[in-house]
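Shown next: start-v6.txt, given as compact mmCIF, C-alpha atoms.
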```txt
# COMPACT_ATOMS: atom_id res chain seq x y z
CA MET A 1 0.00 0.00 0.00
CA VAL A 2 1.46 3.37 -1.04
CA GLY A 3 0.09 4.79 2.16
CA GLY A 4 2.56 2.70 4.10
CA ARG A 5 2.22 0.97 7.46
CA THR A 6 2.13 3.18 10.49
CA ALA A 7 1.85 1.48 13.83
CA ASP A 8 0.15 4.26 15.74
CA LEU A 9 -1.99 6.22 13.33
CA THR A 10 -3.13 5.73 9.73
CA PRO A 11 -2.50 8.85 7.61
CA THR A 12 -5.62 10.67 6.44
CA ALA A 13 -6.23 11.65 2.81
CA ALA A 14 -5.24 15.24 3.70
CA VAL A 15 -1.90 14.06 5.09
CA LYS A 16 -1.23 11.99 1.97
CA ILE A 17 -2.15 14.87 -0.37
CA PHE A 18 0.13 17.31 1.49
CA SER A 19 2.96 14.77 1.73
CA ALA A 20 2.73 13.81 -1.95
CA GLY A 21 2.77 17.43 -3.16
CA THR A 22 5.73 18.32 -0.94
CA ALA A 23 7.66 15.16 -1.84
CA GLY A 24 7.01 15.83 -5.53
CA CYS A 25 8.51 19.32 -5.21
CA VAL A 26 11.61 17.96 -3.45
CA ALA A 27 12.04 15.32 -6.16
CA ASP A 28 11.69 17.97 -8.90
CA LEU A 29 14.32 20.18 -7.29
CA VAL A 30 16.78 17.27 -7.28
CA THR A 31 16.07 15.87 -10.76
CA PHE A 32 15.02 18.92 -12.82
CA PRO A 33 18.24 19.14 -14.92
CA LEU A 34 17.69 15.54 -16.05
CA ASP A 35 14.10 16.36 -16.99
CA THR A 36 15.23 19.39 -19.00
CA ALA A 37 17.84 17.28 -20.80
CA LYS A 38 15.14 14.70 -21.57
CA VAL A 39 12.88 17.37 -23.10
CA ARG A 40 15.71 18.76 -25.27
CA LEU A 41 16.56 15.28 -26.56
CA GLN A 42 12.91 14.47 -27.25
CA ILE A 43 12.31 17.58 -29.38
CA GLN A 44 15.68 17.49 -31.13
CA GLY A 45 14.33 16.03 -34.37
CA GLU A 46 11.95 18.94 -34.89
CA SER A 47 14.13 21.73 -33.50
CA GLN A 48 15.33 24.41 -35.89
CA SER A 49 17.66 26.08 -33.38
CA LEU A 50 21.02 27.08 -34.78
CA LEU A 51 24.39 27.33 -33.18
CA ASP A 52 27.28 28.79 -35.20
CA GLY A 53 25.24 28.28 -38.36
CA GLN A 54 24.52 24.61 -37.68
CA ARG A 55 21.56 22.83 -36.16
CA MET A 56 21.88 22.32 -32.43
CA LYS A 57 22.91 18.74 -31.70
CA TYR A 58 22.64 17.10 -28.31
CA ARG A 59 24.40 13.82 -27.58
CA GLY A 60 23.37 11.79 -24.56
CA VAL A 61 22.20 12.91 -21.16
CA PHE A 62 25.36 14.44 -19.81
CA GLY A 63 26.40 15.72 -23.23
CA THR A 64 23.10 17.60 -23.40
CA ILE A 65 23.61 19.04 -19.93
CA PHE A 66 27.20 20.06 -20.79
CA THR A 67 26.10 21.70 -24.07
CA MET A 68 23.33 23.62 -22.33
CA VAL A 69 25.64 24.87 -19.58
CA LYS A 70 28.30 25.85 -22.13
CA THR A 71 25.99 27.66 -24.58
CA GLU A 72 23.16 28.92 -22.34
CA GLY A 73 24.55 28.97 -18.82
CA PRO A 74 23.80 26.79 -15.76
CA LYS A 75 20.45 28.51 -15.14
CA SER A 76 19.08 26.96 -18.35
CA LEU A 77 18.98 23.57 -16.61
CA TYR A 78 16.30 24.94 -14.27
CA SER A 79 14.30 26.82 -16.88
CA GLY A 80 10.64 26.22 -16.07
CA LEU A 81 11.30 25.22 -12.45
CA VAL A 82 8.61 27.54 -11.06
CA ALA A 83 5.97 25.98 -13.30
CA GLY A 84 7.41 22.56 -12.42
CA LEU A 85 6.92 23.16 -8.70
CA GLN A 86 3.43 24.53 -9.33
CA ARG A 87 2.72 21.38 -11.29
CA GLN A 88 3.90 19.06 -8.53
CA MET A 89 1.88 20.79 -5.81
CA SER A 90 -1.30 20.31 -7.86
CA PHE A 91 -0.35 17.18 -9.81
CA ALA A 92 1.54 14.86 -7.45
CA SER A 93 -0.77 15.73 -4.56
CA VAL A 94 -3.77 14.40 -6.53
CA ARG A 95 -2.35 11.44 -8.45
CA ILE A 96 -0.30 10.06 -5.55
CA GLY A 97 -2.09 11.50 -2.53
CA LEU A 98 -5.52 10.21 -3.58
CA TYR A 99 -4.35 6.80 -4.86
CA ASP A 100 -5.10 4.89 -1.65
CA THR A 101 -8.47 6.65 -1.33
CA MET A 102 -9.47 5.62 -4.86
CA LYS A 103 -8.33 2.06 -4.18
CA GLN A 104 -10.76 1.90 -1.29
CA VAL A 105 -13.51 3.35 -3.48
CA TYR A 106 -13.03 0.57 -6.04
CA THR A 107 -12.82 -2.14 -3.35
CA SER A 108 -15.72 -0.77 -1.26
CA GLY A 109 -13.40 -0.04 1.65
CA SER A 110 -11.50 -3.35 1.63
CA GLU A 111 -7.79 -3.27 2.43
CA ASN A 112 -7.14 -6.24 0.12
CA ALA A 113 -7.03 -4.55 -3.28
CA GLY A 114 -6.51 -6.70 -6.36
CA ILE A 115 -4.51 -5.72 -9.43
CA GLY A 116 -7.68 -4.51 -11.19
CA ALA A 117 -8.60 -2.09 -8.40
CA ARG A 118 -5.02 -0.79 -8.26
CA LEU A 119 -4.95 -0.18 -12.02
CA LEU A 120 -8.32 1.58 -11.94
CA ALA A 121 -7.20 3.75 -9.04
CA GLY A 122 -3.99 4.69 -10.88
CA CYS A 123 -5.86 5.57 -14.08
CA THR A 124 -8.44 7.64 -12.19
CA THR A 125 -6.06 9.74 -10.11
CA GLY A 126 -3.75 10.22 -13.11
CA ALA A 127 -6.60 11.59 -15.24
CA MET A 128 -7.84 13.81 -12.39
CA ALA A 129 -4.36 15.24 -11.88
CA VAL A 130 -3.89 16.06 -15.58
CA ALA A 131 -7.26 17.80 -15.79
CA LEU A 132 -6.20 20.03 -12.89
CA ALA A 133 -2.52 20.64 -13.61
CA GLN A 134 -2.21 20.60 -17.43
CA PRO A 135 -1.53 24.38 -17.81
CA THR A 136 1.49 24.11 -15.49
CA ASP A 137 2.82 21.18 -17.52
CA VAL A 138 2.46 23.07 -20.82
CA VAL A 139 4.34 26.08 -19.42
CA LYS A 140 7.06 23.87 -17.91
CA VAL A 141 7.70 22.07 -21.21
CA ARG A 142 7.74 25.34 -23.19
CA PHE A 143 10.36 26.82 -20.83
CA GLN A 144 12.51 23.70 -20.89
CA ALA A 145 12.40 23.58 -24.70
CA GLN A 146 13.32 27.19 -25.43
CA VAL A 147 16.98 27.64 -26.34
CA ARG A 148 18.77 30.70 -25.03
CA LEU A 149 21.76 31.85 -27.07
CA PRO A 150 22.89 35.21 -25.63
CA GLU A 151 25.67 35.73 -28.18
CA SER A 152 23.24 35.34 -31.08
CA GLY A 153 20.77 37.88 -29.72
CA SER A 154 17.91 35.35 -29.94
CA VAL A 155 14.67 36.35 -28.27
CA LYS A 156 13.27 34.10 -25.58
CA ARG A 157 9.83 32.69 -26.23
CA TYR A 158 8.62 33.72 -22.76
CA SER A 159 10.18 36.11 -20.25
CA SER A 160 8.62 34.64 -17.09
CA THR A 161 6.18 32.01 -15.86
CA ILE A 162 3.33 34.53 -15.61
CA ASP A 163 4.18 35.86 -19.07
CA ALA A 164 4.01 32.30 -20.44
CA TYR A 165 0.51 31.75 -19.03
CA ARG A 166 -0.65 35.12 -20.40
CA THR A 167 0.99 34.71 -23.82
CA ILE A 168 -0.35 31.20 -24.38
CA ALA A 169 -3.87 32.23 -23.33
CA ARG A 170 -3.71 35.34 -25.58
CA ASP A 171 -2.15 33.76 -28.68
CA GLU A 172 -3.64 30.26 -28.54
CA GLY A 173 -6.74 30.81 -26.43
CA VAL A 174 -7.45 29.35 -23.02
CA LYS A 175 -7.55 25.90 -24.62
CA GLY A 176 -3.87 26.39 -25.47
CA LEU A 177 -3.11 25.95 -21.78
CA TRP A 178 -4.69 22.50 -22.02
CA LYS A 179 -2.82 21.64 -25.24
CA GLY A 180 -1.86 17.98 -25.32
CA CYS A 181 -4.32 17.15 -22.55
CA LEU A 182 -5.48 13.92 -24.21
CA PRO A 183 -2.00 12.44 -24.79
CA ASN A 184 -1.04 13.62 -21.32
CA ILE A 185 -4.05 11.83 -19.79
CA THR A 186 -3.03 8.73 -21.75
CA ARG A 187 0.57 9.09 -20.60
CA ASN A 188 -0.33 9.63 -16.97
CA ALA A 189 -2.79 6.77 -16.91
CA ILE A 190 0.14 4.60 -18.06
CA VAL A 191 2.64 6.31 -15.74
CA ASN A 192 0.37 6.11 -12.73
CA CYS A 193 -0.46 2.46 -13.33
CA SER A 194 3.20 1.57 -13.90
CA GLU A 195 4.64 3.76 -11.18
CA LEU A 196 2.17 3.50 -8.30
CA VAL A 197 1.02 -0.07 -8.91
CA THR A 198 4.61 -1.33 -9.29
CA TYR A 199 5.66 0.50 -6.13
CA ASP A 200 2.55 -0.73 -4.34
CA ILE A 201 3.04 -4.39 -5.30
CA MET A 202 6.83 -4.40 -4.81
CA LYS A 203 6.51 -2.88 -1.35
CA ASP A 204 3.77 -5.33 -0.36
CA LEU A 205 5.87 -8.31 -1.56
CA ILE A 206 9.01 -7.10 0.24
CA LEU A 207 7.07 -6.73 3.49
CA LYS A 208 5.04 -9.93 3.02
CA TYR A 209 8.15 -12.10 2.67
CA ASP A 210 10.10 -10.17 5.34
CA LEU A 211 12.86 -9.26 2.90
CA MET A 212 13.12 -5.81 4.49
CA THR A 213 11.35 -3.77 7.13
CA ASP A 214 9.11 -0.82 6.25
CA ASN A 215 11.96 1.68 6.08
CA MET A 216 14.16 3.50 3.58
CA PRO A 217 15.85 0.45 1.95
CA CYS A 218 12.41 -1.02 1.23
CA HIS A 219 11.12 2.28 -0.15
CA PHE A 220 14.28 2.74 -2.23
CA THR A 221 14.04 -0.73 -3.81
CA ALA A 222 10.33 -0.46 -4.62
CA ALA A 223 10.78 3.06 -6.02
CA PHE A 224 13.68 2.02 -8.27
CA ALA A 225 11.63 -0.85 -9.71
CA ALA A 226 8.71 1.53 -10.27
CA GLY A 227 10.92 4.02 -12.13
CA PHE A 228 12.40 1.38 -14.44
CA CYS A 229 9.05 -0.21 -15.37
CA THR A 230 7.46 3.20 -15.92
CA THR A 231 10.20 4.40 -18.27
CA ILE A 232 9.91 1.37 -20.54
CA VAL A 233 6.13 1.59 -20.77
CA ALA A 234 5.63 5.36 -20.89
CA SER A 235 8.50 6.66 -23.07
CA PRO A 236 6.68 6.58 -26.47
CA VAL A 237 3.66 8.47 -25.11
CA ASP A 238 5.94 10.87 -23.22
CA VAL A 239 7.85 11.81 -26.39
CA VAL A 240 4.62 12.47 -28.33
CA LYS A 241 3.25 14.52 -25.42
CA THR A 242 6.40 16.65 -25.24
CA ARG A 243 6.56 17.24 -29.01
CA TYR A 244 2.87 18.14 -29.25
CA MET A 245 2.80 20.47 -26.23
CA ASN A 246 5.91 22.30 -27.47
CA SER A 247 4.66 22.67 -31.08
CA VAL A 248 3.60 25.98 -32.61
CA PRO A 249 -0.06 26.36 -33.65
CA GLY A 250 -0.80 24.40 -36.83
CA GLN A 251 2.35 22.27 -36.74
CA TYR A 252 0.36 19.15 -35.94
CA SER A 253 -3.38 18.56 -36.33
CA GLY A 254 -3.42 16.44 -33.20
CA ALA A 255 -1.48 14.02 -31.02
CA PHE A 256 -2.01 11.14 -33.47
CA ASN A 257 -0.75 13.28 -36.36
CA CYS A 258 2.30 14.19 -34.26
CA ALA A 259 3.03 10.49 -33.66
CA LEU A 260 2.50 9.64 -37.32
CA THR A 261 4.79 12.47 -38.46
CA MET A 262 7.50 11.26 -36.09
CA MET A 263 7.20 7.69 -37.39
CA ILE A 264 7.40 8.78 -41.06
CA LYS A 265 10.21 11.33 -40.70
CA GLU A 266 12.34 9.83 -37.93
CA GLY A 267 11.37 6.17 -37.60
CA ALA A 268 10.28 4.08 -34.62
CA THR A 269 13.41 4.89 -32.61
CA ALA A 270 12.17 8.50 -32.29
CA PHE A 271 9.64 7.29 -29.73
CA TYR A 272 12.49 6.35 -27.40
CA LYS A 273 14.51 9.53 -27.83
CA GLY A 274 15.72 10.68 -24.45
CA PHE A 275 15.23 7.18 -22.95
CA MET A 276 18.34 7.31 -20.78
CA PRO A 277 17.56 10.72 -19.24
CA SER A 278 13.97 9.55 -18.88
CA PHE A 279 15.16 6.53 -16.90
CA LEU A 280 17.71 8.49 -14.89
CA ARG A 281 15.07 11.11 -14.16
CA LEU A 282 12.17 8.75 -13.42
CA GLY A 283 14.33 6.37 -11.43
CA SER A 284 15.88 9.11 -9.31
CA TRP A 285 12.58 11.03 -9.13
CA ASN A 286 10.74 7.96 -7.88
CA ILE A 287 13.39 7.21 -5.28
CA VAL A 288 13.49 10.77 -3.93
CA MET A 289 9.72 11.22 -4.10
CA PHE A 290 8.64 7.94 -2.50
CA VAL A 291 11.31 8.05 0.22
CA CYS A 292 10.36 11.67 1.03
CA PHE A 293 6.64 10.83 0.78
CA GLU A 294 6.93 8.06 3.37
CA GLN A 295 9.09 10.15 5.70
CA ILE A 296 6.97 13.31 5.44
CA LYS A 297 3.86 11.29 6.26
CA ARG A 298 5.54 9.93 9.39
CA VAL A 299 6.66 13.39 10.48
CA VAL A 300 3.15 14.81 9.98
CA ILE A 301 1.62 11.88 11.90
CA LYS A 302 4.03 12.45 14.79
CA LEU A 303 3.06 16.13 14.81
CA GLN A 304 -0.60 15.09 14.84
CA GLN A 305 -0.01 12.83 17.80
CA SER A 306 1.94 15.45 19.75
CA HIS A 307 -0.49 18.32 19.05
CA GLY A 308 -3.74 16.42 18.70
CA SER A 309 -4.40 17.91 15.24
CA PRO A 310 -7.30 16.43 13.23
CA PHE A 311 -5.43 17.19 9.93
```
Just give me the structure as structure tokens.
Amino acid sequence: MVGGRTADLTPTAAVKIFSAGTAGCVADLVTFPLDTAKVRLQIQGESQSLLDGQRMKYRGVFGTIFTMVKTEGPKSLYSGLVAGLQRQMSFASVRIGLYDTMKQVYTSGSENAGIGARLLAGCTTGAMAVALAQPTDVVKVRFQAQVRLPESGSVKRYSSTIDAYRTIARDEGVKGLWKGCLPNITRNAIVNCSELVTYDIMKDLILKYDLMTDNMPCHFTAAFAAGFCTTIVASPVDVVKTRYMNSVPGQYSGAFNCALTMMIKEGATAFYKGFMPSFLRLGSWNIVMFVCFEQIKRVVIKLQQSHGSPF
């Protein structure tokens, strides 16, 4: 159970929502450069950015990071961080914080949830989170994708997070803030099912067979497995989502057209562009997030017990 086992007090939905949002922000702070490198690699095939008269070329995770630092400065690795943190507070809090609650809804309150109930719960909270947090995801991807070349005098696409929200709403309409919502719902249904269900099952098995106690090594192992499985399953949808959300109006008629264009122009391997940074990012993100999630819950529960808070 993602909620974990607490001897004295079971965490409430409010505790889980708060803990998930906070843990998601911590994980983003740690892994954001890897996420930015992943986005740059994913959009590379369609990018028209030039450097010294030639198309920008990124090679590998750390090569991408090195190129960005060299040509755009270290701050470029955290471009879009504000929107990323906004996203996690609204996104992770719903998709992770409400997972156990939705499991109980689908099992009519039973603690013994089968694989079907877990998958349904993951799909439901993933879709709910996207519907709420999609504008923050669009802005985050746009910031991460824009190339800053000070020596070339290039103009940034957006000057600030607020400017990005305003510009997108003005130029593309309010629906522009929900651009790519359908592929993102698809992606996050897959991600949530892979990530949360894998973590859930792995943790239950580790505890059931007494391989580890309910502490950090257990959380680390389950989170690493969740990150690896999620990357394999979700990468193709993630690449399409990133390309489509970063596209200019009229570039693609829809998410399916984006995927079809990628297949025709770049081949099937395009769907796994940025796989290594995706794995490094998802693996490390899962480890940091789940370990922090479990620990934050325990801290909040201890504060509840000491202060008698109903939160």
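The space between CA of Ala255 in chain A and CA of Phe271 in chain A spans 13.1 Å.
The point (5.0, 5.7, -19.2) has these residues within 6 Å of it, counting all atoms listed in the file: Arg187, Ile190, Val191, Thr230, Thr231, Val233, Ala234 and Ser235 of chain A.
Each of A:Ala27, A:Ser247, A:Cys292, A:Gln104 was compared to Glu172 in chain A using all atoms listed in the file, and A:Ser247 turns out to be the nearest.
Closest approach to Ala169 in chain A among A:Thr124, A:Val138, A:Ile96, A:Cys229: A:Val138, based on all atoms listed in the file.
Shortest separation to Phe224 in chain A among A:Pro33, A:Gly283, A:Gly116, A:Gly180 occurs at residue A:Gly283, atoms counted being only C-alpha atoms.
For the set A:Met89, A:Met216, A:Ala83, A:Val130, the residue with the smallest atom-to-atom gap to Asp163 in chain A is A:Ala83, counting all atoms listed in the file.
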Item to check | Spatial neighbours of Met263 in chain A, max dist 12 Å, all atoms listed in the file, sep filter under 6 positions, as a PyMOL selection string | outcome: chain A and resi 45+236+239-240+256-257+269-272
Taking all atoms of range 217-232 of chain A that the file lists, what box with edges along x, y and z, padded by 4 Å per side, do you get, with centre and edge lengths in Å to one decimal, as AutoDock Vina command-line options?
```
--center_x 11.7 --center_y 1.7 --center_z -9.3 --size_x 16.4 --size_y 13.4 --size_z 30.5
```
Checklist outcome for this item: Counting only C-alpha atoms, the residue among A:Glu294, A:Asp238, A:Asp137, A:Asp214 that lies closest to Pro183 in chain A is A:Asp238
Next on the checklist: One decimal, in Å: what's the spacing between CA of Ile162 in chain A and CA of Cys181 in chain A?
Outcome noted: 20.2 Å
Checklist entry - Please, what distance in Å, to one decimal, runs between CA of Gly227 in chain A and CA of Met212 in chain A? => result 19.4 Å
Next on the checklist: Using all atoms listed in the file - which residues lie no farther than 12 Å from the point (4.1, 19.0, -25.6) in the file's frame? Write them as a PyMOL selection string.
Outcome noted: chain A and resi 39-40+42-43+134-145+176-184+187+237-249+251-252+254-255+258-259
Emit the selected residues as a PDB file, keeping the file's coordinate frame, including C-alpha atoms.
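Full text of again.pdb as output:
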```
ATOM      1  CA  VAL A  39      12.880  17.370 -23.100  1.00  0.00           C
ATOM      2  CA  ARG A  40      15.710  18.760 -25.270  1.00  0.00           C
ATOM      3  CA  GLN A  42      12.910  14.470 -27.250  1.00  0.00           C
ATOM      4  CA  ILE A  43      12.310  17.580 -29.380  1.00  0.00           C
ATOM      5  CA  GLN A 134      -2.210  20.600 -17.430  1.00  0.00           C
ATOM      6  CA  PRO A 135      -1.530  24.380 -17.810  1.00  0.00           C
ATOM      7  CA  THR A 136       1.490  24.110 -15.490  1.00  0.00           C
ATOM      8  CA  ASP A 137       2.820  21.180 -17.520  1.00  0.00           C
ATOM      9  CA  VAL A 138       2.460  23.070 -20.820  1.00  0.00           C
ATOM     10  CA  VAL A 139       4.340  26.080 -19.420  1.00  0.00           C
ATOM     11  CA  LYS A 140       7.060  23.870 -17.910  1.00  0.00           C
ATOM     12  CA  VAL A 141       7.700  22.070 -21.210  1.00  0.00           C
ATOM     13  CA  ARG A 142       7.740  25.340 -23.190  1.00  0.00           C
ATOM     14  CA  PHE A 143      10.360  26.820 -20.830  1.00  0.00           C
ATOM     15  CA  GLN A 144      12.510  23.700 -20.890  1.00  0.00           C
ATOM     16  CA  ALA A 145      12.400  23.580 -24.700  1.00  0.00           C
ATOM     17  CA  GLY A 176      -3.870  26.390 -25.470  1.00  0.00           C
ATOM     18  CA  LEU A 177      -3.110  25.950 -21.780  1.00  0.00           C
ATOM     19  CA  TRP A 178      -4.690  22.500 -22.020  1.00  0.00           C
ATOM     20  CA  LYS A 179      -2.820  21.640 -25.240  1.00  0.00           C
ATOM     21  CA  GLY A 180      -1.860  17.980 -25.320  1.00  0.00           C
ATOM     22  CA  CYS A 181      -4.320  17.150 -22.550  1.00  0.00           C
ATOM     23  CA  LEU A 182      -5.480  13.920 -24.210  1.00  0.00           C
ATOM     24  CA  PRO A 183      -2.000  12.440 -24.790  1.00  0.00           C
ATOM     25  CA  ASN A 184      -1.040  13.620 -21.320  1.00  0.00           C
ATOM     26  CA  ARG A 187       0.570   9.090 -20.600  1.00  0.00           C
ATOM     27  CA  VAL A 237       3.660   8.470 -25.110  1.00  0.00           C
ATOM     28  CA  ASP A 238       5.940  10.870 -23.220  1.00  0.00           C
ATOM     29  CA  VAL A 239       7.850  11.810 -26.390  1.00  0.00           C
ATOM     30  CA  VAL A 240       4.620  12.470 -28.330  1.00  0.00           C
ATOM     31  CA  LYS A 241       3.250  14.520 -25.420  1.00  0.00           C
ATOM     32  CA  THR A 242       6.400  16.650 -25.240  1.00  0.00           C
ATOM     33  CA  ARG A 243       6.560  17.240 -29.010  1.00  0.00           C
ATOM     34  CA  TYR A 244       2.870  18.140 -29.250  1.00  0.00           C
ATOM     35  CA  MET A 245       2.800  20.470 -26.230  1.00  0.00           C
ATOM     36  CA  ASN A 246       5.910  22.300 -27.470  1.00  0.00           C
ATOM     37  CA  SER A 247       4.660  22.670 -31.080  1.00  0.00           C
ATOM     38  CA  VAL A 248       3.600  25.980 -32.610  1.00  0.00           C
ATOM     39  CA  PRO A 249      -0.060  26.360 -33.650  1.00  0.00           C
ATOM     40  CA  GLN A 251       2.350  22.270 -36.740  1.00  0.00           C
ATOM     41  CA  TYR A 252       0.360  19.150 -35.940  1.00  0.00           C
ATOM     42  CA  GLY A 254      -3.420  16.440 -33.200  1.00  0.00           C
ATOM     43  CA  ALA A 255      -1.480  14.020 -31.020  1.00  0.00           C
ATOM     44  CA  CYS A 258       2.300  14.190 -34.260  1.00  0.00           C
ATOM     45  CA  ALA A 259       3.030  10.490 -33.660  1.00  0.00           C
TER      46      ALA A 259
END
```
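Counting all atoms listed in the file and comparing A:Ala133, A:Ile17, A:Ala164, A:Ala189, the residue that lies closest to Arg118 in chain A is A:Ala189.
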Neighbouring residues of Ile301 in chain A were defined as those with any atom within 8 Å, considering all atoms listed in the file; residues of the same chain fewer than 2 positions away were excluded. Please report them as a compact mmCIF listing (two decimals) with C-alpha atoms, keeping the file's coordinate frame.
```txt
# COMPACT_ATOMS: atom_id res chain seq x y z
CA LEU A 9 -1.99 6.22 13.33
CA PRO A 11 -2.50 8.85 7.61
CA VAL A 15 -1.90 14.06 5.09
CA LYS A 297 3.86 11.29 6.26
CA ARG A 298 5.54 9.93 9.39
CA VAL A 299 6.66 13.39 10.48
CA LEU A 303 3.06 16.13 14.81
CA GLN A 304 -0.60 15.09 14.84
CA GLN A 305 -0.01 12.83 17.80
```
Taking the partial coordinates given, rebuild range 25-48 of chain A to contain N, CA and C atoms; return it as a JSON list (two decimals), in the coordinates of the input.
```
[["chain", "number", "residue", "atom", "x", "y", "z"],
["A", 25, "CYS", "N", 7.70, 18.10, -5.05],
["A", 25, "CYS", "CA", 8.51, 19.32, -5.21],
["A", 25, "CYS", "C", 9.98, 19.05, -4.89],
["A", 26, "VAL", "N", 10.24, 18.31, -3.82],
["A", 26, "VAL", "CA", 11.61, 17.96, -3.45],
["A", 26, "VAL", "C", 12.26, 17.15, -4.58],
["A", 27, "ALA", "N", 11.52, 16.17, -5.09],
["A", 27, "ALA", "CA", 12.04, 15.32, -6.16],
["A", 27, "ALA", "C", 12.32, 16.14, -7.42],
["A", 28, "ASP", "N", 11.46, 17.11, -7.73],
["A", 28, "ASP", "CA", 11.69, 17.97, -8.90],
["A", 28, "ASP", "C", 12.94, 18.82, -8.73],
["A", 29, "LEU", "N", 13.14, 19.36, -7.55],
["A", 29, "LEU", "CA", 14.32, 20.18, -7.29],
["A", 29, "LEU", "C", 15.60, 19.38, -7.54],
["A", 30, "VAL", "N", 15.60, 18.12, -7.16],
["A", 30, "VAL", "CA", 16.78, 17.27, -7.28],
["A", 30, "VAL", "C", 17.01, 16.83, -8.73],
["A", 31, "THR", "N", 15.94, 16.52, -9.45],
["A", 31, "THR", "CA", 16.07, 15.87, -10.76],
["A", 31, "THR", "C", 15.75, 16.77, -11.95],
["A", 32, "PHE", "N", 15.47, 18.05, -11.73],
["A", 32, "PHE", "CA", 15.02, 18.92, -12.82],
["A", 32, "PHE", "C", 16.00, 19.01, -13.99],
["A", 33, "PRO", "N", 17.32, 19.10, -13.77],
["A", 33, "PRO", "CA", 18.24, 19.14, -14.92],
["A", 33, "PRO", "C", 18.11, 17.92, -15.83],
["A", 34, "LEU", "N", 17.88, 16.75, -15.24],
["A", 34, "LEU", "CA", 17.69, 15.54, -16.05],
["A", 34, "LEU", "C", 16.40, 15.62, -16.86],
["A", 35, "ASP", "N", 15.37, 16.20, -16.28],
["A", 35, "ASP", "CA", 14.10, 16.36, -16.99],
["A", 35, "ASP", "C", 14.25, 17.33, -18.15],
["A", 36, "THR", "N", 14.99, 18.41, -17.93],
["A", 36, "THR", "CA", 15.23, 19.39, -19.00],
["A", 36, "THR", "C", 16.03, 18.76, -20.14],
["A", 37, "ALA", "N", 17.05, 17.98, -19.78],
["A", 37, "ALA", "CA", 17.84, 17.28, -20.80],
["A", 37, "ALA", "C", 16.96, 16.31, -21.59],
["A", 38, "LYS", "N", 16.06, 15.63, -20.91],
["A", 38, "LYS", "CA", 15.14, 14.70, -21.57],
["A", 38, "LYS", "C", 14.27, 15.42, -22.59],
["A", 39, "VAL", "N", 13.73, 16.60, -22.20],
["A", 39, "VAL", "CA", 12.88, 17.37, -23.10],
["A", 39, "VAL", "C", 13.66, 17.81, -24.33],
["A", 40, "ARG", "N", 14.90, 18.30, -24.14],
["A", 40, "ARG", "CA", 15.71, 18.76, -25.27],
["A", 40, "ARG", "C", 16.00, 17.61, -26.24],
["A", 41, "LEU", "N", 16.29, 16.43, -25.70],
["A", 41, "LEU", "CA", 16.56, 15.28, -26.56],
["A", 41, "LEU", "C", 15.31, 14.83, -27.30],
["A", 42, "GLN", "N", 14.16, 14.91, -26.63],
["A", 42, "GLN", "CA", 12.91, 14.47, -27.25],
["A", 42, "GLN", "C", 12.47, 15.36, -28.41],
["A", 43, "ILE", "N", 12.75, 16.66, -28.32],
["A", 43, "ILE", "CA", 12.31, 17.58, -29.38],
["A", 43, "ILE", "C", 13.39, 17.84, -30.42],
["A", 44, "GLN", "N", 14.54, 17.19, -30.27],
["A", 44, "GLN", "CA", 15.68, 17.49, -31.13],
["A", 44, "GLN", "C", 15.38, 17.30, -32.61],
["A", 45, "GLY", "N", 14.61, 16.30, -32.97],
["A", 45, "GLY", "CA", 14.33, 16.03, -34.37],
["A", 45, "GLY", "C", 13.52, 17.10, -35.06],
["A", 46, "GLU", "N", 12.77, 17.90, -34.27],
["A", 46, "GLU", "CA", 11.95, 18.94, -34.89],
["A", 46, "GLU", "C", 12.53, 20.33, -34.66],
["A", 47, "SER", "N", 13.58, 20.42, -33.85],
["A", 47, "SER", "CA", 14.13, 21.73, -33.50],
["A", 47, "SER", "C", 14.86, 22.37, -34.67],
["A", 48, "GLN", "N", 14.66, 23.67, -34.82],
["A", 48, "GLN", "CA", 15.33, 24.41, -35.89],
["A", 48, "GLN", "C", 16.37, 25.38, -35.32]]
```
